Every structure is written in structure tokens, then in C-alpha cells.
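Each remark here refers to the structure printed beneath this line.
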Amino acid sequence: MTSWIELENRFRSKTTIDKSIELLIDAEREHWRHVLKRIIAIVKRLAKNTLPFRGDDERLHVENNGLFLQMVEMVSEFDPVMQEHIRRAKAKEIQYTYLGKKIQNELIQLLANQVRSSIVKKVKDAKYFAIILDCTPDASQEEQMSLIVRFVDNSANLPTVQEHWLEFLKVDDTTGLGLATELQKALIKIDLDIDDIRGQGYDNGSNMSGKHKGVQRRVHEMNPRAFYTPCGAHSLNLALCDMVNCCSKAVSFFGVIQRIYTLFSSSTKRWKIFKDNVQGLTVKPLSQTRWESHVESVKPIMEQTAQIREIGFAIAKDEAAKKASEMGIEAVFTEKRIIRRKKQFDESGSDEVKQSAEESFRVEYFIFIIDQALSSMRTRFEQFK
């Protein structure tokens with residue numbers, strides 16, 4: 001009994017015979033806790049900025065070993081905890097370093113699960129939500145569907161409408177039935193009730209927006225309160241594209257802009273000439289999927305047209321004359337030899353005059369169309385600003 005009471009008193013005062021060993025165990029536990037905190041901080045920073053983790057080599061202090069190991073090396077230059085950890089790893093005093101690809105993937109997955117759980121908790125607190133789906137092929141040409149939820153966040157003092165991306169869903173069947181099935185499985189997996197959906201938002205594709213076999217129809221059959229609204233941006237983009245394609249003037253105008261971009265972008269020398277003479281803006285290609293990119297393509301030409309008309313041609317003409325003088329070439333444009341076709345017995349010279357007049361009219365009309373389009377775009381742009 002006396003021995004037992006003495007042992008109990010030593011436990012309470014932490015003066016047992018293995019006190020030193022316990023202190024070493026506590027110190028080691030604290031060391032690994034600090035190491036993991038620093039590794040998790042590095043993983044969070046790289047993941048937040050969507051930067052790649054790994055490189056060509058997975059060893060410390062070698063070239064091209066990836067951003068993760070390079071940041072570990074950088075932290076170790078100033079932090080004694082990380083410096084001691086790397087010393088142990090290089091000396092092979094520890095078997096597990098927590099610097100490999102498996103721990104990186106595991107930490108990324110744990111952080112993703114925590115973020116997803118936080119979003120799902122907010123959605124459950126709001127009760128009702130809307131879903132937004134969009135499919136696109138990735139770099140490996142595999143179809144992926146992004147799942148986005150839209151809900152009212154009541155956690156703050158002022159309720160706000162929020163949209164959060166939850167995950168990518170790999171889909172093999174892109175029909176309305178296949179996509180609706182994948183959506184149903186994803187909602188069950190993250191513990192969201194499909195009966196709480198109050199809105200749907202997709203593009204105008206038949207497999208998504210079809211009123212008979214589309215995703216919106218199949219979700220509506222499972223939940224009649226899931227009201228469908230087509231994507232406004234996609235609808236506006238389709239309307240603008242159809243309007244432009246119906247107008248021959250607009251087709252010609254944007255065709256000229258695309259050719260101007262092709263002219264300069266196809267040669268590095270031409271691109272340098274363009275950059276030297278046009279300050280602040282650069283020509284941009286047209287996009288078929290996002291019509292608003294046409295505005296960015298028109299800006300450089302619209303804002304630099306007056307400068308090109310006033311001094312651009314005169315400067316180019318003077319430089320060309322100077323180069324021709326240095327090369328001993330007469331500074332005149334050689335006239336193109338007129339190809340004369342043999343006349344038939346029933347043809348007269350009036351046909352040539354008519355053809356020449358028609359060509360002259362086409363050129364003048366084309367210049368007139370370009371001037372009118374630039375003037376109209378300049379006026380619209382000023383009103384838009």
C-alpha cells in the first residue's frame with residue numbers, strides 16, 4: 001500500500017523514473033505537430049493559387065523538384081523546425097518525412113473535404129438551393145461536369161446570395177438521362193436532398209435544356225418545384241451571333257478585323273512593327289463562344305484609326321521612299337500589267353469599262369462600309385462607357 005501511494009504521488013507530481021523519457025516523447029510529438037503545420041500551410045498556399053506541386057524529381061535540393069519541395073527548402077532557410085526536419089530526412093534518421101506525393105495528395109483531399117463540408121453545411125442551413133451544371137472536356141479529352149450550388153447564406157448579419165463550386169463529375173454518358181443520373185448520385189454522396197432544389201440553370205444544349213428528355217425535364221419529374229432558367233449569358237451570346245451572321249456588313253467588318261489579327265500574328269517582324277507604332281492596345285482574335293470578345297478586338301482599331309489615317313500612311317510612305325533611295329530603286333509603284341483577253345466577234349470595249357467601274361465601285365463601297373462601321377462602333381463604345 002505504501003509503494004502504491006508513493007507511485008500515485010509521483011504520477012501527480014510527474015517525478016516518476018521515466019520522466020525524462022516522457023519529456024522526450026512530448027518534445028518529439030510537439031516537433032511533428034509543428035512540421036505538419038508548416039507542410040499544411042504550404043499545401044494550402046499552392047492549392048489556393050492552383051499551382052503544380054511536383055516536378056521532374058522528388059528529392060530535396062535538386063533541380064526541377066517541384067514547387068512543393070522548393071517551398072519546403074525556402075522555409076527551412078529561416079525556420080529551425082523545418083531545418084531540423086530536413087536534416088533528419090537527409091541523414092535518414094526518420095523513415096517517414098511527410099514530403100512525398102502520397103501525403104501531398106492526402107492533405108489536398110482532406111482540405112477539399114473540409115471545404116466541401118463547410119459549403120454543404122451552409123446549404124443545409126439555408127434549406128433550399130439551386131443547381132448549375134456545365135460540361136466541358138478536360139486536357140485528356142474526358143468529359144467533366146461541374147456542379148455548382150446557389151443559395152442564400154444566413155450565417156452573416158446580412159443574408160447574401162452565394163454560388164459555390166462543389167466538384168467535377170466525370171461523365172461517360174452525355175445524354176439527358178446519363179447526366180441526370182450522375183447529378184442524383186452526386187447529391188446523395190454529399191448528403192443533399194434533391195427535393196430541396198428550387199432552381200436549375202444550364203446552357204441551351206438539347207441534352208441539358210430539352211423539354212422532353214433533357215436534364216431539366218428529368219429533374220423536374222423528380223422535383224416539380226425545381227424551376228428551370230436557361231443561362232442568360234449563353235442565350236445572349238447565341239442571339240448576338242445569329243444577329244451578326246444575318247448582317248452582311250457586320251460579317252464583312254469582323255472578317256476584316258480577324259484578317260488584321262492574322263496578318264500581324266503570323267509574323268514576329270510584323271508584330272514588332274505593330275507594337276512599335278500602336279501604343280497601349282494590341283489586336284486580339286475573335287472568339288466564337290464568347291461574343292463580348294469582339295469588343296476587345298475592335299478597340300485597338302477603333303481608337304487608333306484616326307492616328308493611322310493622319311500620320312501613319314505619310315510616315316510609311318517616307319520610310320519606303322528612304323529605303324528605296326538607299327537601295328538605288330526608283331520610289332514609284334510599278335503598275336501591274338493589264339492582262340488583255342482576246343475579244344470575240346460579238347464583244348465590244350464597253351464590257352471592259354463596265355467591269356472596271358464595277359471593281360471601282362466595290363472598292364469604294366467596301367471603304368465606305370468600314371468607315372461607317374468604325375464610326376458606329378466608336379459611338380456605341382462612347383455610349384457604353
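Identifiers in this document derive from the order of the C-alpha cells: chains are assigned A, B, ..., residues are numbered from 1 separately in each chain, and ligands are numbered from 1 in order of occurrence.
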
Could I get the residues of segment 182-282 of chain A with an atom no further than 10 Å from an atom of segment 147-157 of chain A, each paired with its nearest atom pair and that distance in Å to one decimal, using only C-alpha atoms, sorted by chain and residue number, as JSON lines?
```
{"residue": "A:Leu183", "atom": "CA", "partner": "A:Leu147", "partner_atom": "CA", "distance": 8.1}
{"residue": "A:Ala186", "atom": "CA", "partner": "A:Leu147", "partner_atom": "CA", "distance": 8.7}
{"residue": "A:Leu187", "atom": "CA", "partner": "A:Leu147", "partner_atom": "CA", "distance": 9.6}
{"residue": "A:Ile197", "atom": "CA", "partner": "A:Val149", "partner_atom": "CA", "distance": 9.6}
{"residue": "A:Arg198", "atom": "CA", "partner": "A:Phe151", "partner_atom": "CA", "distance": 9.7}
{"residue": "A:Gly199", "atom": "CA", "partner": "A:Arg150", "partner_atom": "CA", "distance": 8.7}
{"residue": "A:Gln200", "atom": "CA", "partner": "A:Val149", "partner_atom": "CA", "distance": 9.5}
{"residue": "A:Gly201", "atom": "CA", "partner": "A:Ile148", "partner_atom": "CA", "distance": 9.6}
```

Selection to disk with N, CA and C atoms, as a compact mmCIF listing (two decimals), in the first residue's frame:
```
# COMPACT_ATOMS: atom_id res chain seq x y z
N LEU A 183 -25.95 13.47 -61.61
CA LEU A 183 -26.33 14.53 -60.67
C LEU A 183 -26.99 13.95 -59.43
N ALA A 186 -24.39 12.34 -57.22
CA ALA A 186 -23.53 13.32 -56.55
C ALA A 186 -24.25 13.96 -55.37
N LEU A 187 -25.54 14.26 -55.52
CA LEU A 187 -26.29 14.87 -54.42
C LEU A 187 -26.44 13.90 -53.26
N ILE A 197 -34.29 21.23 -54.09
CA ILE A 197 -33.89 22.06 -55.22
C ILE A 197 -35.06 22.95 -55.62
N ARG A 198 -34.77 24.23 -55.79
CA ARG A 198 -35.79 25.17 -56.22
C ARG A 198 -35.43 25.88 -57.53
N GLY A 199 -34.28 25.55 -58.10
CA GLY A 199 -33.88 26.18 -59.36
C GLY A 199 -32.86 25.35 -60.10
N GLN A 200 -32.91 25.44 -61.44
CA GLN A 200 -31.93 24.77 -62.30
C GLN A 200 -31.42 25.79 -63.31
N GLY A 201 -30.13 25.71 -63.62
CA GLY A 201 -29.54 26.61 -64.61
C GLY A 201 -28.54 25.88 -65.47
```

Item to check | Surrounding residues of Arg259 of chain A excluding itself and chain neighbours under 5 positions, 12 Å, only C-alpha atoms, as a PyMOL selection string | outcome: chain A and resi 252-254+264-266+283-286+297

Item to check | Selection near Leu111 of chain A, 10 Å with only C-alpha atoms, sequence-local residues under 5 positions removed, as a PyMOL selection string | outcome: chain A and resi 40+43-44+47+105-106+116-117

Checklist outcome for this item: What separates atom CA of Tyr128 of chain A and atom CA of Leu166 of chain A is a distance of 16.1 Å

Next on the checklist: Can you pull out the residues contacting Arg54 of chain A? Cut-off 12 Å, using only C-alpha atoms, and skip same-chain residues under 2 positions away; I want them as a PyMOL selection string.
Outcome noted: chain A and resi 43+46+51-52+56-60+63-71+99-102+104-105

Take the selection from the previous step and output its residues with N, CA, C and O atoms, as an mmCIF file, in the first residue's frame.
```cif
data_model
loop_
_atom_site.group_PDB
_atom_site.id
_atom_site.type_symbol
_atom_site.label_atom_id
_atom_site.label_comp_id
_atom_site.auth_asym_id
_atom_site.auth_seq_id
_atom_site.Cartn_x
_atom_site.Cartn_y
_atom_site.Cartn_z
ATOM 1 N N VAL A 43 0.835 23.458 -48.511
ATOM 2 C CA VAL A 43 -0.171 22.836 -49.377
ATOM 3 C C VAL A 43 -1.338 23.786 -49.613
ATOM 4 O O VAL A 43 -1.839 23.923 -50.742
ATOM 5 N N LEU A 46 -0.256 26.612 -52.135
ATOM 6 C CA LEU A 46 -0.152 26.152 -53.524
ATOM 7 C C LEU A 46 -1.522 25.821 -54.097
ATOM 8 O O LEU A 46 -1.822 26.144 -55.256
ATOM 9 N N LEU A 51 -1.397 26.063 -58.216
ATOM 10 C CA LEU A 51 -0.043 25.853 -58.735
ATOM 11 C C LEU A 51 0.312 24.370 -58.671
ATOM 12 O O LEU A 51 -0.148 23.654 -57.777
ATOM 13 N N PRO A 52 1.124 23.888 -59.600
ATOM 14 C CA PRO A 52 1.523 22.473 -59.568
ATOM 15 C C PRO A 52 2.456 22.182 -58.395
ATOM 16 O O PRO A 52 3.280 23.016 -58.020
ATOM 17 N N ASP A 56 10.079 17.241 -61.882
ATOM 18 C CA ASP A 56 10.679 16.066 -62.520
ATOM 19 C C ASP A 56 11.374 15.156 -61.518
ATOM 20 O O ASP A 56 11.609 13.985 -61.807
ATOM 21 N N ASP A 57 11.724 15.690 -60.364
ATOM 22 C CA ASP A 57 12.442 14.917 -59.349
ATOM 23 C C ASP A 57 11.764 15.154 -58.005
ATOM 24 O O ASP A 57 11.233 16.227 -57.741
ATOM 25 N N GLU A 58 11.792 14.131 -57.129
ATOM 26 C CA GLU A 58 11.143 14.238 -55.822
ATOM 27 C C GLU A 58 12.150 14.206 -54.684
ATOM 28 O O GLU A 58 11.836 13.812 -53.569
ATOM 29 N N ARG A 59 13.354 14.652 -54.954
ATOM 30 C CA ARG A 59 14.385 14.733 -53.928
ATOM 31 C C ARG A 59 14.637 16.183 -53.555
ATOM 32 O O ARG A 59 14.429 17.093 -54.351
ATOM 33 N N LEU A 60 15.124 16.380 -52.325
ATOM 34 C CA LEU A 60 15.407 17.723 -51.850
ATOM 35 C C LEU A 60 16.711 18.246 -52.434
ATOM 36 O O LEU A 60 17.650 17.478 -52.691
ATOM 37 N N GLU A 63 17.569 20.120 -58.906
ATOM 38 C CA GLU A 63 16.874 20.963 -59.863
ATOM 39 C C GLU A 63 15.541 20.328 -60.268
ATOM 40 O O GLU A 63 15.410 19.114 -60.342
ATOM 41 N N ASN A 64 14.578 21.214 -60.536
ATOM 42 C CA ASN A 64 13.263 20.799 -61.051
ATOM 43 C C ASN A 64 12.576 19.764 -60.146
ATOM 44 O O ASN A 64 12.024 18.776 -60.620
ATOM 45 N N ASN A 65 12.632 20.014 -58.833
ATOM 46 C CA ASN A 65 11.967 19.094 -57.905
ATOM 47 C C ASN A 65 10.561 19.553 -57.519
ATOM 48 O O ASN A 65 9.953 18.987 -56.611
ATOM 49 N N GLY A 66 10.034 20.577 -58.186
ATOM 50 C CA GLY A 66 8.656 20.992 -57.950
ATOM 51 C C GLY A 66 8.541 22.124 -56.945
ATOM 52 O O GLY A 66 9.442 22.374 -56.127
ATOM 53 N N LEU A 67 7.409 22.799 -56.987
ATOM 54 C CA LEU A 67 7.194 23.962 -56.118
ATOM 55 C C LEU A 67 7.039 23.560 -54.658
ATOM 56 O O LEU A 67 7.451 24.307 -53.764
ATOM 57 N N PHE A 68 6.460 22.394 -54.396
ATOM 58 C CA PHE A 68 6.249 21.997 -53.007
ATOM 59 C C PHE A 68 7.590 21.831 -52.277
ATOM 60 O O PHE A 68 7.806 22.415 -51.206
ATOM 61 N N LEU A 69 8.489 21.048 -52.855
ATOM 62 C CA LEU A 69 9.784 20.839 -52.203
ATOM 63 C C LEU A 69 10.617 22.117 -52.192
ATOM 64 O O LEU A 69 11.380 22.355 -51.244
ATOM 65 N N GLN A 70 10.476 22.950 -53.200
ATOM 66 C CA GLN A 70 11.224 24.207 -53.204
ATOM 67 C C GLN A 70 10.748 25.142 -52.093
ATOM 68 O O GLN A 70 11.561 25.847 -51.473
ATOM 69 N N MET A 71 9.446 25.153 -51.840
ATOM 70 C CA MET A 71 8.941 25.978 -50.732
ATOM 71 C C MET A 71 9.362 25.402 -49.385
ATOM 72 O O MET A 71 9.632 26.154 -48.437
ATOM 73 N N LEU A 99 6.901 14.345 -46.978
ATOM 74 C CA LEU A 99 7.195 15.233 -48.099
ATOM 75 C C LEU A 99 6.919 14.573 -49.449
ATOM 76 O O LEU A 99 7.160 15.194 -50.483
ATOM 77 N N GLY A 100 6.429 13.351 -49.450
ATOM 78 C CA GLY A 100 6.203 12.630 -50.696
ATOM 79 C C GLY A 100 4.872 12.975 -51.348
ATOM 80 O O GLY A 100 4.055 13.736 -50.815
ATOM 81 N N LYS A 101 4.646 12.384 -52.500
ATOM 82 C CA LYS A 101 3.445 12.681 -53.279
ATOM 83 C C LYS A 101 2.182 12.149 -52.588
ATOM 84 O O LYS A 101 1.099 12.736 -52.728
ATOM 85 N N LYS A 102 2.299 11.050 -51.856
ATOM 86 C CA LYS A 102 1.115 10.479 -51.224
ATOM 87 C C LYS A 102 0.568 11.398 -50.136
ATOM 88 O O LYS A 102 -0.646 11.615 -50.042
ATOM 89 N N GLN A 104 1.041 14.575 -49.971
ATOM 90 C CA GLN A 104 0.530 15.773 -50.645
ATOM 91 C C GLN A 104 -0.915 15.554 -51.102
ATOM 92 O O GLN A 104 -1.792 16.380 -50.840
ATOM 93 N N ASN A 105 -1.142 14.438 -51.794
ATOM 94 C CA ASN A 105 -2.492 14.137 -52.266
ATOM 95 C C ASN A 105 -3.471 13.950 -51.109
ATOM 96 O O ASN A 105 -4.630 14.370 -51.181
#
```

Checklist entry - From the set A:Met145, A:Ala250, A:Leu7, A:Ile190, which residue has the shortest atom-to-atom contact distance to Lys124 of chain A, counting only C-alpha atoms? => result A:Ile190

Item to check | All residues 12 Å or closer to Arg38 of chain A, only C-alpha atoms, same chain fewer than 5 positions away omitted, as a PyMOL selection string | outcome: chain A and resi 31-33+43-45+68+71-76+79-83+85+98-99

Checklist entry - Contacts of Met222 of chain A at 8 Å or less, counting only C-alpha atoms, minus same-chain residues fewer than 3 places along, as a PyMOL selection string? => result chain A and resi 194-195+218-219

Checklist entry - What residues in segment 198-332 of chain A get the DSSP label alpha helix (DSSP H)? Please answer as a ChimeraX atom specification. => result /A:206-209,215-222,232-246,248-265,268-277,293-307,313-326
